[in-house]
Amino acid sequence: FGSGALIVSADKSERIFSERLYCARCGIGYEALDPRLFSFNSRQGACSECDGIGSLPSFEPDLLIGDPTQPIGEALTASLKPLGGALWRAVKQLGAALGVAWERPAAKLTPKQRQRLFHGNGDGDGGLIGILQQQLEDAEVDGTLLAPFMNESPCPTCHGRRLNARAQAVKVDGAGIWELTQQSVAACLADLSQRRFSGREALIAANIMKEIVPRLQFLQEVGLSYLTLDRRADTLSGGEAQRIRLAAQLGSNLRGVCYILDEPTIGLHPRDNAMLLGTLTQLKEHGNSVIVVEHDEATIEAADLVIDLGPGGGVHGGELVAMGSPRSLRQHPASVTGRFLGQPRRRIGPVRDVTDRPRLKLRGAAEHNLKHIDVEIPVGAWTCVTGVSGSGKSTLVRDVLYTGLKRRLGLPSGRVGTHKAITGGTEIERVVEVDQTPIGRTPRSIPASYVGFFDEIRKLYTMTPEARQRGYTAGRFSFNIKGGRCETCAGQGKIKMEMSFLPDVYVTCESCNGQRYTDETLAVRYGGKNMAEVLSMTVEEGADFFTAVPAIADPLRLLHAIGLDYLTLGQGSNTLSGGEAQRIKLAYELGKQSRGRTLYILDEPTTGLHFADIEKLIDVLHRLVDIGNTIVTIEHNLDIVKEADWIIDLGPEGGDGGGEVVAMGPPTEIVANGKRSHTARYLRAFLNGNERRPVSA
């Protein structure tokens, strides 16, 4: 009769009872609970302060000053002057107001001076952070230029939990939803598996738990037990994201489906391959077809049928070299892949004694899951950081070592991972991360311009009789400036078509037919070739064509040596894979006049590489070390691990079970004495040519 509300009158008092979430005494009421309340991507559940992100960006004073021992004025000149005249004029005005404090190092400022420098004095003067905040809010300013000086701190309203107070107030068995999602997959699976519900709660939970627990098990089966459930998607590697999608398919129990996976082993240690291959076998046994594009030896060995394409790359590939079982490939003389399967691997490069080499020492690294570890890196040698997936490799090398060294060198570094100190390694004057980010995002950027020999090609064309007669300068042969380029496509050879709800596509320019230049420019020839024909040459063809011009031929030979002889000189950078972009960056570094005092950092450089290409990469990395540089690679691939002069093996497991130094030393010592090391066990079998299928831990 009361539609869910009831007033009970007793002992001359009244009490109101309601089926709704309403308290008559305090006057607070809530709508019925809805699943969207617990989603930080919905308006109902998201924290209003941070919009469900869990953190707020803010300018970090320490990130603005690279070297705290350097005078404030000099430090800010290096970091802020390149960002634009308007910003720098405002900063100089602040410096004039600060007076003598402007000439002092940040480490020697009084608290009052530091407050005034960064936050102002409260009378409208906003200090450095106020100036930068105004720049960030200016629509005409590129905010990405200010990103290195910003840090994300937990939202003070939701404390990093992403949800509003109402969502956080709801508990199940004493726990809020954010307490579960902060756990790793393995921890959450163990937690939920041991929870017991009774009575009415059991009836409610039964079907829900049947949905949650198997999904957690699927994530564990594909080797992602170390990931926390609230991990941001933009921090996942390509392999991790692909394996998450694979876990979702496992839960669908579909049959008759053809699954296609492109290098699912990216980021996986050989120990973890067993779980992934077990998952693929499970999909097959359910009546599905599984097609895998892969270079990993264990995955190839586990396949029922191998289709080997080649024999080379680019113009040298595209043929069916062999098709059959993995064992039959070994007997096929034309199969490059077959020559590597099941064969013992021997070190390609020289054996370096690192006993007496100076050491770069990192003390007390404690970022993310690192357990206050100390590591040493020999200077002028090749160090490989390895360990099972999620053991803390990238955190150690990229978040702590790389950013810490950049700050020590007085360069903008962003937030530096938690550690006590970095000592030694004074011989290192430069630190470079050779990653797989694109060298350009449009056809305007090409390998020839990135490596640097395109300028030499243009100079060569200006020296031809035809160009001199017409008065052409080097700018005439640039497709990035007006004069000699096709103006319809602005020298790109392609025109970008915006597709509204679909990704943009590039179509060949009809005016120049993709040649980038005007007919007048293309009338100039060198060796019978015009500029468009030169840009369409492969690296291999270009090296032969420009043999007589060392400034052009030498960089082309480097690209050939690194396995990129199939690329064309004018290939748009937006068409290059991550591995190709990384190797072009290596060729650029090799071609520079170097004093040999650089630390190079490479994160999984073998991604997308065949065994034969890895051998070429190994040769290039040894050449960098031989001229006095230091190399640190993060890698699971045993072809790379065996070449290192020094191994740092983290683990023993991933996530909370990792972050320790399991073994550290030369490869021979690791193989002989690494009892806790999963890497040592697999490396031992790898060097002996034993069966490559994953073995149980």
# chains A, B, ... in the order shown; residues from 1 in each chain; ligands from 1
$ select_by_dssp --residues "stretch 37-224 of chain A" --states "helix (DSSP H, G or I)" --output "PyMOL selection string"
chain A and resi 37-38+61-64+72-83+85-103+106-108+111-119+127-137+143-149+165-169+177-181+185-194+199-221
$ residues_around --residues "stretch 652-666 of chain A" --least-positions-apart "5" --cutoff "9 Å" --atoms "only C-alpha atoms" --output "MDAnalysis selection string"
chainID A and resid 184 224:228 353:354 366 368:376 387:393 396 644:647 671 673:678 680
$ residues_around --residues "stretch 205-217 of chain A" --least-positions-apart "4" --cutoff "7 Å" --atoms "only C-alpha atoms" --output "MDAnalysis selection string"
chainID A and resid 185 189 201 221 251
$ write_last_selection --atoms "C-alpha atoms" --output "short mmCIF file (atom, residue, chain, number, x, y, z; two decimals), in the first residue's frame"
data_model
loop_
_atom_site.label_atom_id
_atom_site.label_comp_id
_atom_site.auth_asym_id
_atom_site.auth_seq_id
_atom_site.Cartn_x
_atom_site.Cartn_y
_atom_site.Cartn_z
CA VAL A 185 45.28 -10.60 -11.92
CA LEU A 189 41.99 -14.47 -8.65
CA GLU A 201 24.36 -13.46 -0.75
CA GLU A 221 46.71 -18.45 -18.92
CA GLY A 251 35.84 -16.81 -22.69
#
$ closest_residue --among "A:Arg441, A:Arg43, A:Arg243, A:Arg684" --to "A:Gly223" --atoms "only C-alpha atoms"
A:Arg243
$ residues_around --residues "stretch 551-559 of chain A" --least-positions-apart "4" --cutoff "12 Å" --atoms "only C-alpha atoms" --output "ChimeraX atom specification"
/A:447-460,537-547,563-569,580-592,616-617,619-620,623
$ residues_around --residues "stretch 152-159 of chain A" --least-positions-apart "6" --cutoff "6 Å" --atoms "only C-alpha atoms" --output "mmCIF file with N, CA, C and O atoms, in the first residue's frame"
data_model
loop_
_atom_site.group_PDB
_atom_site.id
_atom_site.type_symbol
_atom_site.label_atom_id
_atom_site.label_comp_id
_atom_site.auth_asym_id
_atom_site.auth_seq_id
_atom_site.Cartn_x
_atom_site.Cartn_y
_atom_site.Cartn_z
ATOM 1 N N GLY A 54 41.805 9.594 -12.407
ATOM 2 C CA GLY A 54 42.497 9.178 -11.190
ATOM 3 C C GLY A 54 43.703 10.021 -10.852
ATOM 4 O O GLY A 54 44.284 9.886 -9.772
ATOM 5 N N SER A 55 44.118 10.894 -11.778
ATOM 6 C CA SER A 55 45.283 11.746 -11.531
ATOM 7 C C SER A 55 45.069 13.094 -12.195
ATOM 8 O O SER A 55 44.247 13.235 -13.107
ATOM 9 N N LEU A 56 45.821 14.081 -11.735
ATOM 10 C CA LEU A 56 45.752 15.424 -12.291
ATOM 11 C C LEU A 56 47.158 15.867 -12.697
ATOM 12 O O LEU A 56 48.105 15.701 -11.924
ATOM 13 N N PRO A 57 47.315 16.414 -13.919
ATOM 14 C CA PRO A 57 48.643 16.883 -14.340
ATOM 15 C C PRO A 57 48.985 18.193 -13.655
ATOM 16 O O PRO A 57 48.129 19.058 -13.451
#
$ select_by_dssp --residues "stretch 240-332 of chain A" --states "strand (DSSP E or B)" --output "number ranges by chain"
A: 258-262, 289-293, 306-310, 319-324
$ closest_residue --among "A:Ala467, A:Leu254, A:Ile627, A:Ala334" --to "A:Glu520" --atoms "only C-alpha atoms"
A:Ala467
$ residues_around --residues "A:Glu429" --least-positions-apart "5" --cutoff "10 Å" --atoms "only C-alpha atoms" --output "list in words"
Leu405, Lys406, Leu409, Arg595, Gly596, Arg597, Thr598 and Leu599 of chain A
$ closest_residue --among "A:Ile260, A:Ala561, A:Leu280, A:Ala248" --to "A:Ala303" --atoms "only C-alpha atoms"
A:Leu280
$ atom_distance --atom1 "atom CA of A:Arg516" --atom2 "atom CA of A:Met497"
17.1 Å
$ closest_residue --among "A:Arg681, A:His610, A:Arg162, A:Arg346" --to "A:Glu294" --atoms "only C-alpha atoms"
A:His610
